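See below for upload_32.pdb, which holds PDB, C-alpha atoms and all ligand atoms.
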ATOM      1  CA  MET A   1      84.728 101.537 123.487
ATOM      2  CA  SER A   2      86.252 102.645 120.187
ATOM      3  CA  ALA A   3      86.098 100.264 117.253
ATOM      4  CA  ARG A   4      89.326  99.289 115.519
ATOM      5  CA  SER A   5      87.860  98.518 112.098
ATOM      6  CA  LEU A   6      84.961  99.430 109.846
ATOM      7  CA  SER A   7      84.112  96.984 107.064
ATOM      8  CA  VAL A   8      81.759  96.830 104.153
ATOM      9  CA  GLY A   9      81.017  93.399 102.725
ATOM     10  CA  GLY A  10      79.316  92.249  99.512
ATOM     11  CA  LEU A  11      77.778  95.656  98.795
ATOM     12  CA  HIS A  12      75.385  95.684  95.831
ATOM     13  CA  LEU A  13      73.611  98.915  94.849
ATOM     14  CA  ALA A  14      70.990  99.323  92.129
ATOM     15  CA  ALA A  15      68.863 101.968  90.406
ATOM     16  CA  GLU A  16      66.023 101.352  87.981
ATOM     17  CA  GLY A  17      66.820  97.654  87.800
ATOM     18  CA  HIS A  18      70.504  98.195  86.953
ATOM     19  CA  LEU A  19      73.327  97.213  89.284
ATOM     20  CA  LEU A  20      75.598 100.236  89.867
ATOM     21  CA  VAL A  21      77.868  98.657  92.493
ATOM     22  CA  GLN A  22      78.534  94.914  92.655
ATOM     23  CA  GLY A  23      80.056  92.970  95.503
ATOM     24  CA  VAL A  24      82.256  95.708  96.966
ATOM     25  CA  SER A  25      84.127  94.716 100.136
ATOM     26  CA  PHE A  26      86.939  96.416 102.060
ATOM     27  CA  THR A  27      88.049  97.184 105.604
ATOM     28  CA  LEU A  28      89.080 100.504 107.057
ATOM     29  CA  ARG A  29      91.407 100.416 110.097
ATOM     30  CA  ARG A  30      92.058 103.035 112.798
ATOM     31  CA  GLY A  31      95.256 104.991 112.215
ATOM     32  CA  ARG A  32      95.454 103.886 108.573
ATOM     33  CA  VAL A  33      94.484 105.424 105.237
ATOM     34  CA  LEU A  34      92.537 103.379 102.705
ATOM     35  CA  GLY A  35      92.544 104.965  99.259
ATOM     36  CA  LEU A  36      89.473 104.287  97.112
ATOM     37  CA  VAL A  37      90.401 105.118  93.540
ATOM     38  CA  GLY A  38      88.787 104.705  90.127
ATOM     39  CA  THR A  39      87.492 106.574  87.106
ATOM     40  CA  SER A  40      84.499 108.871  87.188
ATOM     41  CA  GLY A  41      81.309 106.843  87.554
ATOM     42  CA  SER A  42      83.052 103.728  88.904
ATOM     43  CA  GLY A  43      80.912 103.770  92.071
ATOM     44  CA  LYS A  44      83.212 105.354  94.661
ATOM     45  CA  SER A  45      80.783 107.991  95.952
ATOM     46  CA  LEU A  46      77.760 105.682  96.093
ATOM     47  CA  THR A  47      79.820 103.115  98.009
ATOM     48  CA  THR A  48      80.906 105.819 100.466
ATOM     49  CA  LEU A  49      77.366 107.101 100.973
ATOM     50  CA  ALA A  50      76.039 103.550 101.430
ATOM     51  CA  LEU A  51      78.362 103.135 104.434
ATOM     52  CA  LEU A  52      76.228 105.732 106.268
ATOM     53  CA  ASP A  53      72.868 104.861 104.668
ATOM     54  CA  LEU A  54      72.879 108.182 102.799
ATOM     55  CA  LEU A  55      72.148 106.929  99.274
ATOM     56  CA  PRO A  56      70.377 109.381  96.946
ATOM     57  CA  PRO A  57      66.705 108.805  96.088
ATOM     58  CA  GLY A  58      66.296 106.082  93.486
ATOM     59  CA  VAL A  59      69.448 104.183  94.467
ATOM     60  CA  ARG A  60      68.928 101.273  96.827
ATOM     61  CA  GLN A  61      71.069  98.698  98.515
ATOM     62  CA  VAL A  62      70.147  95.197  97.363
ATOM     63  CA  ALA A  63      72.800  93.288  99.311
ATOM     64  CA  GLY A  64      75.699  93.792 101.675
ATOM     65  CA  MET A  65      76.449  94.730 105.231
ATOM     66  CA  VAL A  66      78.537  97.178 107.258
ATOM     67  CA  ALA A  67      80.352  96.014 110.396
ATOM     68  CA  LEU A  68      82.360  97.506 113.253
ATOM     69  CA  ASP A  69      85.040  95.099 114.491
ATOM     70  CA  ASN A  70      83.246  92.416 112.428
ATOM     71  CA  ALA A  71      79.883  92.941 114.182
ATOM     72  CA  PRO A  72      77.083  94.100 111.825
ATOM     73  CA  VAL A  73      75.780  97.589 112.684
ATOM     74  CA  GLU A  74      72.850  99.885 111.941
ATOM     75  CA  ARG A  75      74.480 102.293 109.461
ATOM     76  CA  ALA A  76      72.482 105.430 110.267
ATOM     77  CA  ALA A  77      73.648 105.151 113.888
ATOM     78  CA  LEU A  78      77.280 105.494 112.749
ATOM     79  CA  ARG A  79      76.808 109.029 111.409
ATOM     80  CA  GLY A  80      78.867 111.687 113.130
ATOM     81  CA  ARG A  81      79.760 109.914 116.341
ATOM     82  CA  THR A  82      81.545 106.882 114.864
ATOM     83  CA  VAL A  83      82.047 107.966 111.264
ATOM     84  CA  GLY A  84      82.510 111.543 109.989
ATOM     85  CA  LEU A  85      81.932 112.537 106.366
ATOM     86  CA  VAL A  86      83.640 115.227 104.293
ATOM     87  CA  GLN A  87      82.519 115.768 100.733
ATOM     88  CA  GLN A  88      83.758 117.611  97.677
ATOM     89  CA  ALA A  89      82.772 121.229  96.858
ATOM     90  CA  PRO A  90      82.492 122.538 100.412
ATOM     91  CA  ARG A  91      80.649 125.784  99.538
ATOM     92  CA  GLY A  92      77.471 123.821  98.796
ATOM     93  CA  GLY A  93      77.676 122.157 102.199
ATOM     94  CA  PHE A  94      77.137 125.412 104.136
ATOM     95  CA  ASN A  95      74.166 127.672 104.785
ATOM     96  CA  PRO A  96      75.278 130.994 103.196
ATOM     97  CA  LEU A  97      73.134 133.062 105.595
ATOM     98  CA  VAL A  98      74.672 131.705 108.780
ATOM     99  CA  THR A  99      78.131 132.394 110.274
ATOM    100  CA  ILE A 100      80.744 129.676 110.603
ATOM    101  CA  GLY A 101      80.369 129.901 114.390
ATOM    102  CA  ARG A 102      76.630 129.235 114.135
ATOM    103  CA  HIS A 103      77.310 126.118 112.036
ATOM    104  CA  PHE A 104      79.457 124.771 114.877
ATOM    105  CA  LEU A 105      77.127 125.758 117.690
ATOM    106  CA  GLU A 106      74.152 124.095 115.987
ATOM    107  CA  THR A 107      76.130 120.900 115.337
ATOM    108  CA  LEU A 108      77.442 120.811 118.909
ATOM    109  CA  ALA A 109      73.960 121.524 120.340
ATOM    110  CA  CYS A 110      72.770 118.283 118.687
ATOM    111  CA  GLU A 111      75.375 116.619 120.914
ATOM    112  CA  GLY A 112      74.083 118.463 123.998
ATOM    113  CA  VAL A 113      77.187 120.704 124.129
ATOM    114  CA  ARG A 114      76.172 124.357 124.660
ATOM    115  CA  GLY A 115      77.374 127.710 125.996
ATOM    116  CA  ALA A 116      81.010 128.142 127.030
ATOM    117  CA  ALA A 117      81.763 124.440 126.573
ATOM    118  CA  ALA A 118      80.545 124.618 122.943
ATOM    119  CA  ARG A 119      82.583 127.777 122.269
ATOM    120  CA  ASP A 120      85.732 126.160 123.748
ATOM    121  CA  ARG A 121      85.196 123.000 121.710
ATOM    122  CA  MET A 122      84.649 125.041 118.532
ATOM    123  CA  GLN A 123      87.925 126.916 119.096
ATOM    124  CA  ASP A 124      89.816 123.668 119.751
ATOM    125  CA  LEU A 125      88.428 122.052 116.601
ATOM    126  CA  LEU A 126      89.305 125.074 114.460
ATOM    127  CA  ARG A 127      92.838 125.147 115.919
ATOM    128  CA  ASP A 128      93.129 121.421 115.165
ATOM    129  CA  VAL A 129      92.527 122.082 111.467
ATOM    130  CA  GLY A 130      95.096 124.864 111.364
ATOM    131  CA  PHE A 131      93.303 128.143 112.140
ATOM    132  CA  GLY A 132      95.661 130.082 114.403
ATOM    133  CA  GLU A 133      92.969 132.618 115.337
ATOM    134  CA  PRO A 134      89.688 130.681 115.427
ATOM    135  CA  GLY A 135      87.766 133.646 116.886
ATOM    136  CA  ALA A 136      88.177 135.598 113.653
ATOM    137  CA  ILE A 137      86.850 132.707 111.524
ATOM    138  CA  THR A 138      83.728 132.049 113.572
ATOM    139  CA  ARG A 139      82.349 135.551 112.854
ATOM    140  CA  LEU A 140      82.615 135.117 109.067
ATOM    141  CA  TYR A 141      79.992 133.857 106.587
ATOM    142  CA  PRO A 142      80.846 130.987 104.188
ATOM    143  CA  SER A 143      81.105 133.406 101.222
ATOM    144  CA  GLN A 144      83.929 135.226 103.044
ATOM    145  CA  LEU A 145      86.180 132.119 103.157
ATOM    146  CA  SER A 146      88.266 130.576 100.372
ATOM    147  CA  GLY A 147      87.573 127.028  99.147
ATOM    148  CA  GLY A 148      90.552 125.675 101.084
ATOM    149  CA  MET A 149      89.443 127.386 104.298
ATOM    150  CA  LEU A 150      85.909 126.048 103.873
ATOM    151  CA  GLN A 151      87.239 122.526 103.337
ATOM    152  CA  ARG A 152      89.152 122.811 106.634
ATOM    153  CA  VAL A 153      86.025 124.108 108.396
ATOM    154  CA  MET A 154      84.064 121.178 106.909
ATOM    155  CA  LEU A 155      86.706 118.852 108.304
ATOM    156  CA  ALA A 156      86.457 120.443 111.759
ATOM    157  CA  LEU A 157      82.659 120.084 111.664
ATOM    158  CA  ALA A 158      83.028 116.404 110.735
ATOM    159  CA  LEU A 159      85.250 115.985 113.817
ATOM    160  CA  CYS A 160      82.750 117.619 116.236
ATOM    161  CA  ARG A 161      81.650 114.295 117.672
ATOM    162  CA  ASP A 162      85.155 112.870 117.777
ATOM    163  CA  PRO A 163      84.582 110.035 115.283
ATOM    164  CA  ASP A 164      86.846 106.984 114.966
ATOM    165  CA  PHE A 165      86.627 106.985 111.154
ATOM    166  CA  LEU A 166      86.451 109.674 108.501
ATOM    167  CA  LEU A 167      85.129 109.271 104.958
ATOM    168  CA  ALA A 168      86.629 111.967 102.716
ATOM    169  CA  ASP A 169      85.129 112.011  99.211
ATOM    170  CA  GLU A 170      87.369 113.965  96.825
ATOM    171  CA  PRO A 171      88.418 116.357  99.613
ATOM    172  CA  THR A 172      91.052 118.120  97.496
ATOM    173  CA  THR A 173      89.202 118.422  94.170
ATOM    174  CA  ASP A 174      88.741 122.058  93.055
ATOM    175  CA  LEU A 175      91.589 123.279  95.313
ATOM    176  CA  ASP A 176      94.847 124.661  93.931
ATOM    177  CA  LEU A 177      97.945 122.480  94.286
ATOM    178  CA  ILE A 178      99.382 124.324  97.296
ATOM    179  CA  VAL A 179      96.116 124.196  99.222
ATOM    180  CA  GLN A 180      95.694 120.540  98.192
ATOM    181  CA  ALA A 181      99.101 119.715  99.669
ATOM    182  CA  GLN A 182      98.244 121.574 102.902
ATOM    183  CA  LEU A 183      94.958 119.699 103.214
ATOM    184  CA  LEU A 184      96.640 116.328 102.660
ATOM    185  CA  ASP A 185      99.244 117.211 105.335
ATOM    186  CA  LEU A 186      96.402 118.110 107.675
ATOM    187  CA  LEU A 187      94.562 114.842 107.021
ATOM    188  CA  GLU A 188      97.769 112.923 107.682
ATOM    189  CA  ARG A 189      98.259 114.744 111.006
ATOM    190  CA  LEU A 190      94.690 113.913 112.032
ATOM    191  CA  VAL A 191      95.208 110.237 111.213
ATOM    192  CA  VAL A 192      98.394 110.130 113.279
ATOM    193  CA  ARG A 193      97.266 112.332 116.176
ATOM    194  CA  ARG A 194      93.686 111.122 116.571
ATOM    195  CA  GLY A 195      94.217 107.589 115.266
ATOM    196  CA  LEU A 196      91.448 108.172 112.716
ATOM    197  CA  GLY A 197      90.753 105.501 110.131
ATOM    198  CA  LEU A 198      90.541 107.473 106.879
ATOM    199  CA  LEU A 199      88.767 106.453 103.686
ATOM    200  CA  LEU A 200      90.230 108.731 101.027
ATOM    201  CA  VAL A 201      88.106 108.710  97.869
ATOM    202  CA  THR A 202      89.778 110.148  94.795
ATOM    203  CA  HIS A 203      90.422 109.714  91.090
ATOM    204  CA  ASP A 204      93.899 111.208  91.572
ATOM    205  CA  PHE A 205      96.827 108.794  91.929
ATOM    206  CA  SER A 206      99.056 111.609  93.292
ATOM    207  CA  VAL A 207      96.731 111.898  96.287
ATOM    208  CA  ILE A 208      96.867 108.107  96.715
ATOM    209  CA  ALA A 209     100.671 108.098  96.537
ATOM    210  CA  ARG A 210     100.882 110.910  99.111
ATOM    211  CA  LEU A 211      98.643 109.435 101.787
ATOM    212  CA  ALA A 212      97.257 105.921 101.305
ATOM    213  CA  ASP A 213      98.534 102.774 103.052
ATOM    214  CA  GLN A 214      96.173 100.369 101.281
ATOM    215  CA  VAL A 215      94.407 100.938  97.961
ATOM    216  CA  VAL A 216      91.117  99.677  96.555
ATOM    217  CA  VAL A 217      90.649 100.219  92.806
ATOM    218  CA  MET A 218      87.107 100.316  91.426
ATOM    219  CA  ASP A 219      85.954 100.088  87.841
ATOM    220  CA  ALA A 220      82.377  99.895  86.529
ATOM    221  CA  GLY A 221      80.964  99.275  89.995
ATOM    222  CA  ARG A 222      83.355  96.512  91.017
ATOM    223  CA  VAL A 223      86.567  96.243  92.999
ATOM    224  CA  ILE A 224      89.159  95.164  90.453
ATOM    225  CA  GLU A 225      92.214  95.289  92.675
ATOM    226  CA  GLN A 226      93.125  95.767  96.323
ATOM    227  CA  GLN A 227      96.671  95.890  97.666
ATOM    228  CA  PRO A 228      99.196  97.978  99.640
ATOM    229  CA  VAL A 229     100.058 101.309  98.031
ATOM    230  CA  HIS A 230     103.576 100.345  96.904
ATOM    231  CA  GLY A 231     102.138  97.315  95.069
ATOM    232  CA  ILE A 232      99.666  99.496  93.178
ATOM    233  CA  PHE A 233     102.482 101.677  91.839
ATOM    234  CA  GLU A 234     105.205  99.043  91.418
ATOM    235  CA  ASP A 235     103.209  96.018  90.303
ATOM    236  CA  PRO A 236      99.595  96.820  89.400
ATOM    237  CA  ALA A 237      97.850  93.525  88.684
ATOM    238  CA  HIS A 238      94.741  94.514  86.747
ATOM    239  CA  PRO A 239      95.047  95.841  83.167
ATOM    240  CA  ARG A 240      92.590  98.629  84.023
ATOM    241  CA  THR A 241      94.731  99.733  86.983
ATOM    242  CA  GLN A 242      97.745  99.677  84.682
ATOM    243  CA  ALA A 243      95.860 101.838  82.151
ATOM    244  CA  LEU A 244      94.764 104.324  84.843
ATOM    245  CA  LEU A 245      98.325 104.612  86.133
ATOM    246  CA  SER A 246      99.759 105.056  82.625
ATOM    247  CA  ALA A 247      97.230 107.816  81.931
ATOM    248  CA  HIS A 248      98.202 109.502  85.199
ATOM    249  CA  LEU A 249     101.935 109.263  84.458
ATOM    250  CA  ALA A 250     101.445 110.555  80.902
ATOM    251  CA  LEU A 251      99.805 113.661  82.361
ATOM    252  CA  TYR A 252     101.950 114.326  85.430
ATOM    253  CA  ALA A 253     105.275 112.457  85.222
TER     254      ALA A 253
HETATM  255  N1  LIG B 301      71.104 109.187  92.031
HETATM  256  C1  LIG B 301      71.476 108.321  91.093
HETATM  257  N2  LIG B 301      70.571 107.645  90.352
HETATM  258  C2  LIG B 301      70.949 106.781  89.389
HETATM  259  N3  LIG B 301      72.235 106.510  89.076
HETATM  260  C3  LIG B 301      73.186 107.136  89.790
HETATM  261  C4  LIG B 301      72.871 108.080  90.828
HETATM  262  N4  LIG B 301      74.022 108.552  91.352
HETATM  263  C5  LIG B 301      75.026 107.943  90.666
HETATM  264  N5  LIG B 301      74.534 107.108  89.730
HETATM  265  C6  LIG B 301      75.306 106.271  88.811
HETATM  266  O1  LIG B 301      76.029 105.320  89.593
HETATM  267  C7  LIG B 301      77.319 105.098  89.037
HETATM  268  C8  LIG B 301      78.372 105.337  90.099
HETATM  269  O2  LIG B 301      78.335 106.728  90.470
HETATM  270  P1  LIG B 301      79.306 107.352  91.579
HETATM  271  O3  LIG B 301      78.901 108.775  91.768
HETATM  272  O4  LIG B 301      79.331 106.473  92.758
HETATM  273  O5  LIG B 301      80.713 107.284  90.826
HETATM  274  P2  LIG B 301      82.125 107.889  91.277
HETATM  275  O6  LIG B 301      83.128 106.820  91.065
HETATM  276  O7  LIG B 301      82.022 108.480  92.625
HETATM  277  O8  LIG B 301      82.326 109.044  90.207
HETATM  278  P3  LIG B 301      82.965 110.530  90.386
HETATM  279  O9  LIG B 301      84.445 110.317  90.555
HETATM  280  O10 LIG B 301      82.616 111.198  89.082
HETATM  281  O11 LIG B 301      82.311 111.170  91.571
HETATM  282  C9  LIG B 301      77.433 106.023  87.813
HETATM  283  O12 LIG B 301      77.120 105.269  86.672
HETATM  284  C10 LIG B 301      76.382 107.064  88.078
HETATM  285  O13 LIG B 301      75.867 107.578  86.868
END
Take the structure in the file and write it out as structure tokens.
Amino acid sequence: MSARSLSVGGLHLAAEGHLLVQGVSFTLRRGRVLGLVGTSGSGKSLTTLALLDLLPPGVRQVAGMVALDNAPVERAALRGRTVGLVQQAPRGGFNPLVTIGRHFLETLACEGVRGAAARDRMQDLLRDVGFGEPGAITRLYPSQLSGGMLQRVMLALALCRDPDFLLADEPTTDLDLIVQAQLLDLLERLVVRRGLGLLLVTHDFSVIARLADQVVVMDAGRVIEQQPVHGIFEDPAHPRTQALLSAHLALYA
């Protein structure tokens, strides 16, 4: 049965004796978007990776737990089937010597889906992320696709196992504004249509304003504020959130 919520509680991460993330807790709900925002180095990516036990070498979890519907779970077992992951800079996430179709077929084979069933599923997934003619895309190599197209392919690959939750770490960084807007529209459609619970990691308050329901603000490894999106913009409580918002408005308002 599908889980309704994915929580992280009391997460502490350390490297070389220093705490990098301290006491981070939040809950992601199906059909909702949780924005995780903060300056560069505030601990957003490490927190996201810790949810799936994918921390880089040298960084270890010293406390904390991950739970589905409040029941603690083995994090590695969540990968793919329960929780999908999309990261920034999609070109680095592909094998340049292998076609897009091969990427799908290998991922689906891990699920035991092969042959015509795998090809049908691949076409459906590519249509779901907005490719009108999926057959043309599957024959191409990663270098033949734009950054925005690759990000959509990455998204489709993350959806191969029909996860309940999606972690998207800076999914629109490095994309031009039009492609960014298209990708955010697509993510919103997936949340509504599939009932995905989306963790949207970003340093960009415009992205938060566009998509998030609930917002967690991190600074120097800690959660400094957590509230519904309108509260973050209309009545930010923490001075650091206020400073981040002012900096954003000075640049973009
Ligand atoms: N492999 C690592 N070993 C040691 N320290 C690390 C490692 N990866 C990240 N850090 C440190 O952990 C802290 C949090 O990093 P993290 O990448 O989670 O930040 P972030 O908020 O995602 O930043 P950005 O928006 O730039 O991606 C930073 O101080 C960073 O230097």
- Item | Pick from A:Val8, A:Leu249, A:Val217, A:Ala76 nearest to ligand LIG 301 (chain B), counting only C-alpha atoms and all ligand atoms |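 Ranked by minimum distance to ligand LIG 301 (chain B), first place goes to A:Val217.
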- Task: Calculate how many Å separate atom O11 of ligand LIG 301 (chain B) from atom CA of Ser45 of chain A, rounding to one decimal.
- Result: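 According to the coordinates, atom O11 of ligand LIG 301 (chain B) and atom CA of Ser45 of chain A are separated by 5.6 Å.
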- Give me the result of the PyMOL selection byres (((chain A and resi 224) around 10) and not hetatm) on this file, residue by residue, as a list in words. Val24, Gly38, Val216, Val217, Met218, Asp219, Ala220, Gly221, Arg222, Val223, Glu225, Gln226, Ala237, His238, Pro239, Arg240 and Thr241 of chain A
- Task: Could you tell me which of A:Leu108, A:Met65, A:Leu196, A:Leu186 comes closest to Ala3 of chain A if we count all atoms listed in the file?
- Result: A:Leu196
- Nearest residue to Leu155 of chain A from the set A:Val191, A:Leu175, A:Leu49, A:Leu125 (distances using only C-alpha atoms): A:Leu125
- Message: Expand the PyMOL selection byres (((chain A and resi 32) around 9) and not hetatm) into the explicit residue set it covers here, and present it as a PyMOL selection string.
- Response: chain A and resi 28-31+33-34+191-192+195-199+212-214
- Message: Would you compute the distance between atom CA of Asp124 of chain A and atom CA of Met154 of chain A? Give it in Å to one decimal.
- Response: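 According to the coordinates, atom CA of Asp124 of chain A and atom CA of Met154 of chain A are separated by 14.3 Å.
Proximity ranking of A:Ala118, A:Ala14, A:Leu6, A:Leu126 relative to ligand LIG 301 (chain B) places A:Ala14 first, based on only C-alpha atoms and all ligand atoms.
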Pop segment 108-138 of chain A out of the structure in the block and write N, CA and C atoms as a PDB file, in the first residue's frame.
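Contents of part19.pdb, freshly written:
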ATOM      1  N   LEU A 108      14.490  -0.179 -16.477  1.00  0.00           N
ATOM      2  CA  LEU A 108      13.275  -1.003 -16.379  1.00  0.00           C
ATOM      3  C   LEU A 108      13.619  -2.482 -16.194  1.00  0.00           C
ATOM      4  N   ALA A 109      14.745  -2.929 -16.797  1.00  0.00           N
ATOM      5  CA  ALA A 109      15.145  -4.336 -16.647  1.00  0.00           C
ATOM      6  C   ALA A 109      15.421  -4.656 -15.178  1.00  0.00           C
ATOM      7  N   CYS A 110      15.956  -3.664 -14.441  1.00  0.00           N
ATOM      8  CA  CYS A 110      16.202  -3.877 -12.997  1.00  0.00           C
ATOM      9  C   CYS A 110      14.885  -4.183 -12.277  1.00  0.00           C
ATOM     10  N   GLU A 111      13.797  -3.694 -12.855  1.00  0.00           N
ATOM     11  CA  GLU A 111      12.459  -3.913 -12.289  1.00  0.00           C
ATOM     12  C   GLU A 111      11.831  -5.197 -12.814  1.00  0.00           C
ATOM     13  N   GLY A 112      12.537  -5.872 -13.752  1.00  0.00           N
ATOM     14  CA  GLY A 112      11.982  -7.083 -14.364  1.00  0.00           C
ATOM     15  C   GLY A 112      11.056  -6.775 -15.530  1.00  0.00           C
ATOM     16  N   VAL A 113      11.049  -5.506 -16.006  1.00  0.00           N
ATOM     17  CA  VAL A 113      10.194  -5.155 -17.150  1.00  0.00           C
ATOM     18  C   VAL A 113      11.067  -5.159 -18.405  1.00  0.00           C
ATOM     19  N   ARG A 114      10.730  -6.023 -19.376  1.00  0.00           N
ATOM     20  CA  ARG A 114      11.572  -6.177 -20.574  1.00  0.00           C
ATOM     21  C   ARG A 114      10.714  -6.218 -21.837  1.00  0.00           C
ATOM     22  N   GLY A 115      11.399  -6.191 -22.997  1.00  0.00           N
ATOM     23  CA  GLY A 115      10.732  -6.385 -24.278  1.00  0.00           C
ATOM     24  C   GLY A 115       9.687  -5.320 -24.572  1.00  0.00           C
ATOM     25  N   ALA A 116       8.554  -5.769 -25.151  1.00  0.00           N
ATOM     26  CA  ALA A 116       7.517  -4.823 -25.581  1.00  0.00           C
ATOM     27  C   ALA A 116       6.955  -4.042 -24.393  1.00  0.00           C
ATOM     28  N   ALA A 117       6.821  -4.710 -23.258  1.00  0.00           N
ATOM     29  CA  ALA A 117       6.275  -4.027 -22.074  1.00  0.00           C
ATOM     30  C   ALA A 117       7.189  -2.875 -21.665  1.00  0.00           C
ATOM     31  N   ALA A 118       8.519  -3.096 -21.742  1.00  0.00           N
ATOM     32  CA  ALA A 118       9.475  -2.040 -21.367  1.00  0.00           C
ATOM     33  C   ALA A 118       9.394  -0.888 -22.381  1.00  0.00           C
ATOM     34  N   ARG A 119       9.278  -1.243 -23.677  1.00  0.00           N
ATOM     35  CA  ARG A 119       9.215  -0.176 -24.691  1.00  0.00           C
ATOM     36  C   ARG A 119       7.931   0.652 -24.520  1.00  0.00           C
ATOM     37  N   ASP A 120       6.809  -0.017 -24.225  1.00  0.00           N
ATOM     38  CA  ASP A 120       5.548   0.711 -24.002  1.00  0.00           C
ATOM     39  C   ASP A 120       5.660   1.635 -22.790  1.00  0.00           C
ATOM     40  N   ARG A 121       6.259   1.099 -21.722  1.00  0.00           N
ATOM     41  CA  ARG A 121       6.381   1.887 -20.488  1.00  0.00           C
ATOM     42  C   ARG A 121       7.269   3.114 -20.727  1.00  0.00           C
ATOM     43  N   MET A 122       8.367   2.885 -21.474  1.00  0.00           N
ATOM     44  CA  MET A 122       9.293   3.983 -21.789  1.00  0.00           C
ATOM     45  C   MET A 122       8.563   5.094 -22.557  1.00  0.00           C
ATOM     46  N   GLN A 123       7.745   4.691 -23.528  1.00  0.00           N
ATOM     47  CA  GLN A 123       7.015   5.686 -24.332  1.00  0.00           C
ATOM     48  C   GLN A 123       6.017   6.448 -23.459  1.00  0.00           C
ATOM     49  N   ASP A 124       5.334   5.717 -22.571  1.00  0.00           N
ATOM     50  CA  ASP A 124       4.359   6.373 -21.680  1.00  0.00           C
ATOM     51  C   ASP A 124       5.048   7.392 -20.777  1.00  0.00           C
ATOM     52  N   LEU A 125       6.194   6.973 -20.211  1.00  0.00           N
ATOM     53  CA  LEU A 125       6.918   7.865 -19.293  1.00  0.00           C
ATOM     54  C   LEU A 125       7.392   9.111 -20.025  1.00  0.00           C
ATOM     55  N   LEU A 126       7.903   8.938 -21.244  1.00  0.00           N
ATOM     56  CA  LEU A 126       8.391  10.098 -22.000  1.00  0.00           C
ATOM     57  C   LEU A 126       7.239  11.019 -22.394  1.00  0.00           C
ATOM     58  N   ARG A 127       6.074  10.427 -22.719  1.00  0.00           N
ATOM     59  CA  ARG A 127       4.894  11.266 -23.012  1.00  0.00           C
ATOM     60  C   ARG A 127       4.486  12.047 -21.765  1.00  0.00           C
ATOM     61  N   ASP A 128       4.544  11.372 -20.614  1.00  0.00           N
ATOM     62  CA  ASP A 128       4.171  11.990 -19.340  1.00  0.00           C
ATOM     63  C   ASP A 128       4.984  13.238 -19.032  1.00  0.00           C
ATOM     64  N   VAL A 129       6.249  13.261 -19.480  1.00  0.00           N
ATOM     65  CA  VAL A 129       7.085  14.432 -19.207  1.00  0.00           C
ATOM     66  C   VAL A 129       7.136  15.374 -20.416  1.00  0.00           C
ATOM     67  N   GLY A 130       6.183  15.179 -21.340  1.00  0.00           N
ATOM     68  CA  GLY A 130       5.980  16.199 -22.371  1.00  0.00           C
ATOM     69  C   GLY A 130       6.622  15.956 -23.720  1.00  0.00           C
ATOM     70  N   PHE A 131       7.144  14.753 -23.984  1.00  0.00           N
ATOM     71  CA  PHE A 131       7.683  14.484 -25.326  1.00  0.00           C
ATOM     72  C   PHE A 131       6.565  13.913 -26.203  1.00  0.00           C
ATOM     73  N   GLY A 132       6.140  14.710 -27.181  1.00  0.00           N
ATOM     74  CA  GLY A 132       5.043  14.299 -28.053  1.00  0.00           C
ATOM     75  C   GLY A 132       5.391  13.097 -28.907  1.00  0.00           C
ATOM     76  N   GLU A 133       6.681  13.004 -29.304  1.00  0.00           N
ATOM     77  CA  GLU A 133       7.117  11.874 -30.145  1.00  0.00           C
ATOM     78  C   GLU A 133       8.257  11.140 -29.442  1.00  0.00           C
ATOM     79  N   PRO A 134       7.927  10.306 -28.466  1.00  0.00           N
ATOM     80  CA  PRO A 134       8.977   9.666 -27.657  1.00  0.00           C
ATOM     81  C   PRO A 134       9.929   8.809 -28.484  1.00  0.00           C
ATOM     82  N   GLY A 135       9.424   8.219 -29.589  1.00  0.00           N
ATOM     83  CA  GLY A 135      10.267   7.343 -30.404  1.00  0.00           C
ATOM     84  C   GLY A 135      11.507   8.066 -30.918  1.00  0.00           C
ATOM     85  N   ALA A 136      11.355   9.343 -31.248  1.00  0.00           N
ATOM     86  CA  ALA A 136      12.483  10.098 -31.795  1.00  0.00           C
ATOM     87  C   ALA A 136      13.539  10.334 -30.710  1.00  0.00           C
ATOM     88  N   ILE A 137      13.095  10.539 -29.473  1.00  0.00           N
ATOM     89  CA  ILE A 137      14.027  10.836 -28.372  1.00  0.00           C
ATOM     90  C   ILE A 137      14.848   9.604 -28.000  1.00  0.00           C
ATOM     91  N   THR A 138      14.210   8.447 -28.016  1.00  0.00           N
ATOM     92  CA  THR A 138      14.890   7.249 -27.496  1.00  0.00           C
ATOM     93  C   THR A 138      16.102   6.869 -28.347  1.00  0.00           C
TER      94      THR A 138
END
